[in-house]
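Undergrad: Structure in structure tokens, see below.
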Amino acid sequence: MNLEEIEELIFTIETKHKETLESYSEWSLLRNRLYMDLFGTLNNKKALNKYNEIINKSFFKNLFHGFFNWFRSYETLVFTNNQYRKFLEGIYFDRVVDAFIVGEEKNKTLFISLTDTSFYPLNKIHSKYLVSQTFLDIFGFVFARLPSNNSKDYSKLQSILLQYDIGFNVESEIRQFLGYYRFYKFFFRLLKPKRIFVATYYSATRNYMVKAANDLGIEIIECQHGFIGDAHPSYNSEIMLDVSFIPKELWVFSEFDKKALKNRGVYKQSQIKIKGDYFLDHLRIEGRKKNEFLESYTKKYNYVVGISLQVPLEKKMIPFFIRAARLNSDIGYIFIPRAWNKEYSDIKCPKNILFLNGMNFYEAIFWCTHHSTVFSTTAIEAHYLGIPNILVDIEGFATKYLGTFFPKDSIINEEDSLIDLIKR
């Protein structure tokens, strides 16, 4: 099952079982968990689950990161992820939320962060106070193991999923949800925040605290972390959902992102606020930074294409660009992975292909004459930064997700077409 099939499956289930699903408020939670569960199988990996975000090789080191920051009073909480931090003017800046925490509010704000690696040193980040969310999730895990008096019958929901050969345990997910939900209600009553920001409200460990905050009347805002679009199941639905599982507002980069949710968005248009993108604005002004390694590589070629890889599509993207690279040696290609995979070192490539390790899209893109991907958010970012895009329409995803934003002639299917556009 590919990404498009997963998305269509969820929308099909909602369309065919509208009345039943709308009678269960919990479907607003389960649909996100189902999406993440199925999405996790795309690369033949074990389905994504909440523990993958918590337990990793840096578990004990992360657990007590910023520990003494817990012992202060705060008015604002920010639930985010270490992956959103980008190097900016000598420090690591949370590109999703940091721009909104200004002035005296910095002294009253606690960033509660996930990471699947190690945190950056506290003296190297823009946010003044930060702790590990792992600490909270351990308590949530304990609460989820306590007895629950929930006697609601979910057999109809389970039956619907079984019709589509989905072995998803509804009761287990609800039991897990109730435990984390009870813990976060307790935690919010203890800290008494006035406002909460969240990046990616639908992730495994976030749905629970969104519901808890809403039920306690705490203002909760989601800040856009990446491309949303009109097909993402966590932002679009065919039925009416329980709004208590969704933040009160969504702050987005642009009018384009707001319009994408006009037809079937889980947020009403009045809930979506356009806030811009401070990080990209800064990069555009700053421009290319000195980098001897990239300078040495790029000066060999008349054209250089920066390629933002997308994990679910890598097995088709990488061979496509290898074939293209063999057609013309005047063009250099830089693969920019989201995270380094040691298997990249084993791939046999022509000399005009470089797998970038230890640098990200924002460091590399200004050294490129073109940018290419399938439907990554980086396509919109590259466009904003003045780098022309060429989108590869693998499985029709470029057309489906970005076809309304980019000209049709910038979306291609063949290697020859890629080279023609580069040299145009």
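To be explicit about the labels: the chains of the structure tokens are called A, B, and onward in the order shown, and within each one the residues are counted from 1, while ligands get numbers from 1 in the order they are shown.
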Quick one: everything within 7 Å of Trp251 in chain A, counting only C-alpha atoms, minus sequence neighbours fewer than 5 positions away in the same chain. Send it as a ChimeraX atom specification.

TA: /A:222-224,272-275

Undergrad: For those residues, write N, CA and C atoms to a file as a short mmCIF file (atom, residue, chain, number, x, y, z; two decimals), in the first residue's frame.

TA:
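Here's the written file result_27.cif:
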data_model
loop_
_atom_site.label_atom_id
_atom_site.label_comp_id
_atom_site.auth_asym_id
_atom_site.auth_seq_id
_atom_site.Cartn_x
_atom_site.Cartn_y
_atom_site.Cartn_z
N GLU A 222 -1.86 25.21 17.04
CA GLU A 222 -0.91 24.44 16.25
C GLU A 222 -0.19 25.37 15.28
N CYS A 223 1.12 25.25 15.22
CA CYS A 223 1.92 26.01 14.25
C CYS A 223 2.33 25.09 13.12
N GLN A 224 2.17 25.53 11.90
CA GLN A 224 2.48 24.70 10.73
C GLN A 224 3.93 24.26 10.75
N ILE A 272 -7.90 29.48 10.97
CA ILE A 272 -6.58 29.44 10.35
C ILE A 272 -6.05 30.86 10.20
N LYS A 273 -4.91 31.13 10.80
CA LYS A 273 -4.30 32.46 10.77
C LYS A 273 -2.98 32.42 9.99
N ILE A 274 -2.79 33.38 9.09
CA ILE A 274 -1.58 33.45 8.29
C ILE A 274 -0.52 34.23 9.06
N LYS A 275 0.61 33.58 9.35
CA LYS A 275 1.64 34.20 10.19
C LYS A 275 2.99 34.35 9.48
#

Undergrad: With a distance cut-off of 12 Å and only C-alpha atoms, select the neighbouring residues of Met209 in chain A, excluding the residue or stretch itself and same-chain residues fewer than 3 positions from it, and output the selection as a PDB file with C-alpha atoms, in the first residue's frame.

TA:
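Full text of part_12.pdb as output:
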ATOM      1  CA  LEU A  29      -8.209  10.299  17.546  1.00  0.00           C
ATOM      2  CA  LEU A  77       4.066  25.610  27.033  1.00  0.00           C
ATOM      3  CA  VAL A  78       5.441  24.586  23.637  1.00  0.00           C
ATOM      4  CA  PHE A  79       5.301  20.936  22.511  1.00  0.00           C
ATOM      5  CA  GLN A 133       8.970  15.244  26.729  1.00  0.00           C
ATOM      6  CA  LEU A 136       6.121  13.187  30.699  1.00  0.00           C
ATOM      7  CA  ASP A 137       5.561  10.184  28.470  1.00  0.00           C
ATOM      8  CA  GLY A 140       1.668   8.796  30.697  1.00  0.00           C
ATOM      9  CA  PHE A 177      -5.511   7.304  25.046  1.00  0.00           C
ATOM     10  CA  LEU A 178      -7.465   7.445  28.300  1.00  0.00           C
ATOM     11  CA  GLY A 179      -4.341   6.858  30.365  1.00  0.00           C
ATOM     12  CA  TYR A 180      -2.319   9.599  28.676  1.00  0.00           C
ATOM     13  CA  TYR A 181      -5.343  11.889  28.656  1.00  0.00           C
ATOM     14  CA  ARG A 182      -5.809  11.521  32.433  1.00  0.00           C
ATOM     15  CA  PHE A 183      -2.129  12.211  32.999  1.00  0.00           C
ATOM     16  CA  TYR A 184      -2.064  15.359  30.859  1.00  0.00           C
ATOM     17  CA  LYS A 185      -5.151  16.742  32.587  1.00  0.00           C
ATOM     18  CA  PHE A 186      -3.331  16.233  35.875  1.00  0.00           C
ATOM     19  CA  PHE A 187      -0.147  17.804  34.496  1.00  0.00           C
ATOM     20  CA  PHE A 188      -1.914  20.883  33.087  1.00  0.00           C
ATOM     21  CA  ILE A 196      -0.036  25.986  24.628  1.00  0.00           C
ATOM     22  CA  PHE A 197       1.669  25.766  21.233  1.00  0.00           C
ATOM     23  CA  VAL A 198       2.048  22.454  19.458  1.00  0.00           C
ATOM     24  CA  THR A 200       2.167  18.410  14.650  1.00  0.00           C
ATOM     25  CA  TYR A 201      -0.970  17.963  16.746  1.00  0.00           C
ATOM     26  CA  TYR A 202      -1.646  14.488  15.335  1.00  0.00           C
ATOM     27  CA  SER A 203       1.615  12.759  16.265  1.00  0.00           C
ATOM     28  CA  ALA A 204       1.568   9.687  18.499  1.00  0.00           C
ATOM     29  CA  THR A 205       2.047  11.434  21.832  1.00  0.00           C
ATOM     30  CA  ARG A 206       0.271  14.717  21.056  1.00  0.00           C
ATOM     31  CA  ALA A 212      -6.814  17.394  27.717  1.00  0.00           C
ATOM     32  CA  ALA A 213      -5.983  21.067  27.111  1.00  0.00           C
ATOM     33  CA  ASN A 214      -9.245  21.709  25.285  1.00  0.00           C
ATOM     34  CA  ASP A 215     -11.311  20.072  28.012  1.00  0.00           C
ATOM     35  CA  LEU A 216      -9.612  22.297  30.599  1.00  0.00           C
ATOM     36  CA  ILE A 218      -6.600  26.159  27.854  1.00  0.00           C
ATOM     37  CA  ILE A 220      -4.037  25.626  22.278  1.00  0.00           C
ATOM     38  CA  SER A 244     -12.104  18.845  21.143  1.00  0.00           C
ATOM     39  CA  PHE A 245      -9.387  16.622  19.625  1.00  0.00           C
ATOM     40  CA  ILE A 246      -8.133  19.505  17.448  1.00  0.00           C
ATOM     41  CA  PRO A 247      -6.337  22.725  18.502  1.00  0.00           C
TER      42      PRO A 247
END

Undergrad: My list of candidates is A:Asp409, A:Asp346, A:Glu104, A:Glu7. Which is closest to Pro233 in chain A when distances are computed with only C-alpha atoms?

TA: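 Checking each of A:Asp409, A:Asp346, A:Glu104, A:Glu7 against Pro233 in chain A, counting only C-alpha atoms, the winner is A:Glu7.
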
Undergrad: Restricting the calculation to only C-alpha atoms, which member of A:Ile228, A:Ile101, A:Leu261, A:Cys368 is positioned closest to Ala382 in chain A?

TA: A:Cys368

Undergrad: If DSSP is run on the backbone, what residues of range 143-354 of chain A are strand (DSSP E)? A reply as a ChimeraX atom specification would be ideal.

TA: /A:195-199,219-223,249-252,272-274,303-308,331-336,353-354

Undergrad: Keeping only C-alpha atoms, take the residues you just selected and write them out as a compact mmCIF listing (two decimals), in the first residue's frame.

TA:
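Produced file part_14.txt, reproduced below:
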# COMPACT_ATOMS: atom_id res chain seq x y z
CA ARG A 195 -1.48 29.02 26.39
CA ILE A 196 -0.04 25.99 24.63
CA PHE A 197 1.67 25.77 21.23
CA VAL A 198 2.05 22.45 19.46
CA ALA A 199 3.88 21.38 16.32
CA GLU A 219 -5.90 28.01 24.60
CA ILE A 220 -4.04 25.63 22.28
CA ILE A 221 -2.53 26.59 18.92
CA GLU A 222 -0.91 24.44 16.25
CA CYS A 223 1.92 26.01 14.25
CA GLU A 249 -6.23 27.60 15.88
CA LEU A 250 -3.78 26.70 13.13
CA TRP A 251 -1.08 29.25 12.28
CA VAL A 252 0.12 28.78 8.70
CA ILE A 272 -6.58 29.44 10.35
CA LYS A 273 -4.30 32.46 10.77
CA ILE A 274 -1.58 33.45 8.29
CA TYR A 303 24.23 23.15 -13.22
CA VAL A 304 23.62 21.63 -9.78
CA VAL A 305 20.34 20.06 -8.68
CA GLY A 306 19.58 19.76 -4.98
CA ILE A 307 17.27 16.76 -4.44
CA SER A 308 15.13 16.59 -1.30
CA ILE A 331 24.99 18.41 -14.30
CA GLY A 332 25.79 17.72 -10.66
CA TYR A 333 23.23 16.18 -8.31
CA ILE A 334 23.17 16.55 -4.52
CA PHE A 335 20.93 14.13 -2.64
CA ILE A 336 19.70 15.80 0.57
CA ILE A 353 26.13 12.48 -7.69
CA LEU A 354 26.77 13.44 -4.07
